[in-house]
Structure formats: structure tokens, C-alpha cells
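First comes the structure, then the notes that go with it.
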Amino acid sequence: MHKRIDITPEAIEVINQLKKRFGELMFHQSGGCCDGSQPMCFEKGDFKVGGSDVCLGEIEGCDFWMSKDQFEYWKFTHLTLDVTPGRGSSFSLEIPMGIRFMIKSRLFTEEESADLTPLRFTEE
């Protein structure tokens with residue numbers, strides 16, 4: 001099975017720092033507006049996911065969610081969570097550290113597309 005989401009070593013380091021401070025974490029890929037489509041990190045349960053969200057997978061023990069509408073645009077895309085210097089304009093937990101999470105993307109190969117990890121949906 002091919003993962004839909006991966007993570008860089010730099011992002012792993014930041015997640016581990018945040019886990020020490022906040023405990024379990026989760027991510028939600030924003031769809032734009034104020035935060036400009038950046039992935040946002042929350043304490044697990046602080047962001048309410050519902051029937052309009054899908055879980056692409058897990059990175060470093062953290063679920064990575066996205067709205068179904070946005071997923072329709074990105075469903076052919078492999079995502080990699082990374083970090084970059086600079087303050088984002090969101091409520092994501094890393095912002096006070098002077099960095100922000102970002103997504104790097106590429107299209108899946110035909111081989112990858114044929115064997116992707118299944119999506120997970122909320123239970124309502």
C-alpha cells in the first residue's frame with residue numbers, strides 16, 4: 001500500500017517538540033480563507049472533525065484530516081508535511097515557534113494510484 005501523506009525529518013522533530021508540550025496531536029489541512037491552505041496542528045480533539053472530513057492517514061501518530069470537498073481536488077496527489085521558517089496566520093500550535101507547517105505535493109504515479117491506503121471517515 002502506498003501512503004497518501006508522508007513527513008520530513010524536520011517536521012517530525014517539530015511534532016515531537018509539540019507532543020512534549022501538548023500531548024496527542026492532530027492535523028487538518030485547511031481549505032483556504034484566512035490561513036491560506038496550510039496544514040494546521042491542534043491538540044487531539046481541539047478541532048471538531050465531522051461527516052465532511054476524511055482522514056488521509058497518520059503521520060508520527062497524528063491523524064491527518066482534510067475536508068471531502070478539498071480532497072476531491074487533491075485525491076490524485078501525494079502530500080508531504082514539512083516545516084518552513086516564518087509565522088503563519090493561523091491557530092496552529094507551531095506558530096509561536098516562528099515556523100509553520102507546509103505541504104509539498106506531487107501527483108501519484110500510476111502504480112501508486114492503483115494501491116493507495118484507504119481513507120478513513122468519521123463515525124456519526
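Following the order of the C-alpha cells, first chain is A, next is B, and so on, with residues numbered from 1 inside each chain and ligands from 1 in the order they appear.
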- Lys104 (chain A) environment, 10 Å, only C-alpha atoms, sequence neighbours closer than 3 positions dropped, as a PyMOL selection string: chain A and resi 5-8+77-83
- Task: Please return as a list in words: the residues of region 8-101 of chain A that backbone DSSP assigns to alpha helix (DSSP H).
- Result: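 Selecting the alpha helix (DSSP H) positions of region 8-101 of chain A gives Pro9, Glu10, Ala11, Ile12, Glu13, Val14, Ile15, Asn16, Gln17, Leu18, Lys19, Lys20, Arg21, Phe22, Lys68, Asp69, Gln70, Phe71, Glu72, Tyr73 and Trp74 of chain A.
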Those selected residues, please, written with C-alpha atoms and delivered as a CSV table (one decimal), in the first residue's frame.
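File part.csv, as written:
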chain,number,residue,atom,x,y,z
A,9,PRO,CA,12.5,14.6,9.3
A,10,GLU,CA,12.3,18.3,10.2
A,11,ALA,CA,8.6,18.1,10.6
A,12,ILE,CA,9.0,15.0,12.8
A,13,GLU,CA,11.3,17.0,15.1
A,14,VAL,CA,8.7,19.8,15.4
A,15,ILE,CA,5.9,17.3,16.1
A,16,ASN,CA,7.9,15.7,18.8
A,17,GLN,CA,8.5,19.0,20.5
A,18,LEU,CA,4.8,19.9,20.3
A,19,LYS,CA,3.8,16.5,21.7
A,20,LYS,CA,6.1,17.0,24.7
A,21,ARG,CA,4.2,20.3,25.4
A,22,PHE,CA,0.7,19.5,24.4
A,68,LYS,CA,-14.1,16.0,1.5
A,69,ASP,CA,-14.5,18.9,-0.9
A,70,GLN,CA,-10.9,19.8,-0.8
A,71,PHE,CA,-9.9,16.1,-1.1
A,72,GLU,CA,-11.7,15.9,-4.4
A,73,TYR,CA,-9.1,18.4,-5.8
A,74,TRP,CA,-6.2,16.6,-4.1
- What does the distance from CA of Gly45 (chain A) to CA of Phe91 (chain A) come to in Å, to one decimal?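 Separation between CA of Gly45 (chain A) and CA of Phe91 (chain A): 14.3 Å.
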- What residues in region 39-119 of chain A get the DSSP label strand (DSSP E or B)? Please answer as a ChimeraX atom specification. /A:39-43,53-59,62-67,77-85,99-107,116
- Can you work out which one of A:Asp53, A:Glu111, A:Glu43, A:Asp63 has the shortest atom-to-atom distance to Leu25 (chain A), counting only C-alpha atoms?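 Under the stated criterion, the closest residue is A:Glu43.
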Give me, as a JSON list (two decimals) with all heavy atoms, in the first residue's frame, all polymer residues having an atom no more than 7 Å from Gly86 (chain A), counting only C-alpha atoms and skipping those fewer than 3 positions away in the same chain.
[["chain", "number", "residue", "atom", "x", "y", "z"],
["A", 98, "GLY", "N", 7.87, 30.38, 15.56],
["A", 98, "GLY", "CA", 8.48, 31.11, 14.45],
["A", 98, "GLY", "C", 8.61, 30.27, 13.18],
["A", 98, "GLY", "O", 9.39, 30.61, 12.28],
["A", 99, "ILE", "N", 7.87, 29.19, 13.10],
["A", 99, "ILE", "CA", 7.85, 28.33, 11.93],
["A", 99, "ILE", "C", 6.41, 28.00, 11.61],
["A", 99, "ILE", "O", 5.50, 28.32, 12.38],
["A", 99, "ILE", "CB", 8.63, 27.00, 12.18],
["A", 99, "ILE", "CG1", 8.04, 26.27, 13.40],
["A", 99, "ILE", "CG2", 10.11, 27.25, 12.35],
["A", 99, "ILE", "CD1", 8.64, 24.92, 13.66],
["A", 100, "ARG", "N", 6.20, 27.36, 10.47],
["A", 100, "ARG", "CA", 4.87, 26.91, 10.12],
["A", 100, "ARG", "C", 4.97, 25.62, 9.32],
["A", 100, "ARG", "O", 5.94, 25.39, 8.60],
["A", 100, "ARG", "CB", 4.08, 27.97, 9.37],
["A", 100, "ARG", "CG", 4.66, 28.33, 8.05],
["A", 100, "ARG", "CD", 3.89, 29.49, 7.43],
["A", 100, "ARG", "NE", 4.56, 29.96, 6.25],
["A", 100, "ARG", "CZ", 4.32, 29.50, 5.02],
["A", 100, "ARG", "NH1", 3.42, 28.56, 4.83],
["A", 100, "ARG", "NH2", 4.97, 29.98, 3.99]]
- Nearest to Met102 (chain A): which of A:Met1, A:Met26, A:Met40, A:Leu116 is it, counting only C-alpha atoms?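 Going through A:Met1, A:Met26, A:Met40, A:Leu116 one by one, the smallest distance to Met102 (chain A) is for A:Met40.
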- Task: Go through A:Thr117, A:Ser37, A:Thr84, A:Ser30 and flag the residue nearest Met97 (chain A), using only C-alpha atoms for the distances.
- Result: A:Thr84
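Proximity ranking of A:Gly57, A:Phe27, A:His2, A:Thr109 relative to Pro39 (chain A) places A:Phe27 first, based on only C-alpha atoms.
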- Query: Do you have the CA of Glu60 (chain A)-CA of Gln38 (chain A) distance handy?
  - Reply: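 That distance, rounded to one decimal, is 18.2 Å.
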Residues near Gly50 (chain A), anyone? I mean within 12 Å using only C-alpha atoms, not counting same-chain ones fewer than 5 positions away, as a compact mmCIF listing (two decimals) with N, CA, C and O atoms, in the first residue's frame.
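See result.txt below for the written result:
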# COMPACT_ATOMS: atom_id res chain seq x y z
N HIS A 28 -5.28 19.16 10.44
CA HIS A 28 -6.37 19.37 9.48
C HIS A 28 -5.83 20.28 8.40
O HIS A 28 -5.28 21.35 8.69
N GLY A 45 -8.49 16.41 19.34
CA GLY A 45 -9.83 16.70 19.82
C GLY A 45 -10.18 18.17 19.86
O GLY A 45 -11.35 18.52 20.02
N CYS A 55 -9.92 11.29 6.68
CA CYS A 55 -8.58 11.13 7.22
C CYS A 55 -7.72 10.46 6.16
O CYS A 55 -8.01 9.34 5.73
N TRP A 65 -6.33 15.08 8.65
CA TRP A 65 -7.68 15.24 8.10
C TRP A 65 -7.73 16.32 7.03
O TRP A 65 -6.92 17.25 7.02
N MET A 66 -8.74 16.22 6.17
CA MET A 66 -8.99 17.21 5.12
C MET A 66 -10.48 17.16 4.81
O MET A 66 -11.11 16.11 4.92
N SER A 67 -11.03 18.29 4.40
CA SER A 67 -12.44 18.29 4.03
C SER A 67 -12.64 17.45 2.75
O SER A 67 -11.75 17.39 1.90
N LYS A 68 -13.81 16.81 2.64
CA LYS A 68 -14.10 15.99 1.46
C LYS A 68 -14.04 16.82 0.19
O LYS A 68 -13.55 16.37 -0.84
N ARG A 120 -10.17 7.15 5.79
CA ARG A 120 -10.99 6.89 6.97
C ARG A 120 -11.98 8.03 7.13
O ARG A 120 -11.65 9.18 6.85
N PHE A 121 -13.16 7.71 7.56
CA PHE A 121 -14.21 8.72 7.74
C PHE A 121 -14.62 8.74 9.19
O PHE A 121 -14.41 7.78 9.93
N THR A 122 -15.23 9.83 9.61
CA THR A 122 -15.71 9.91 10.99
C THR A 122 -16.90 9.00 11.16
O THR A 122 -17.60 8.70 10.18
N GLU A 123 -17.12 8.59 12.37
CA GLU A 123 -18.28 7.75 12.67
C GLU A 123 -19.36 8.64 13.25
O GLU A 123 -19.17 9.26 14.28
N GLU A 124 -20.45 8.75 12.55
CA GLU A 124 -21.54 9.60 13.03
C GLU A 124 -22.78 8.81 13.25
O GLU A 124 -23.06 7.86 12.62
- Message: So the first atom is CA of Arg4 (chain A) and the second is CA of Ser52 (chain A); what is the distance between them in Å, to one decimal place?
- Response: 18.4 Å
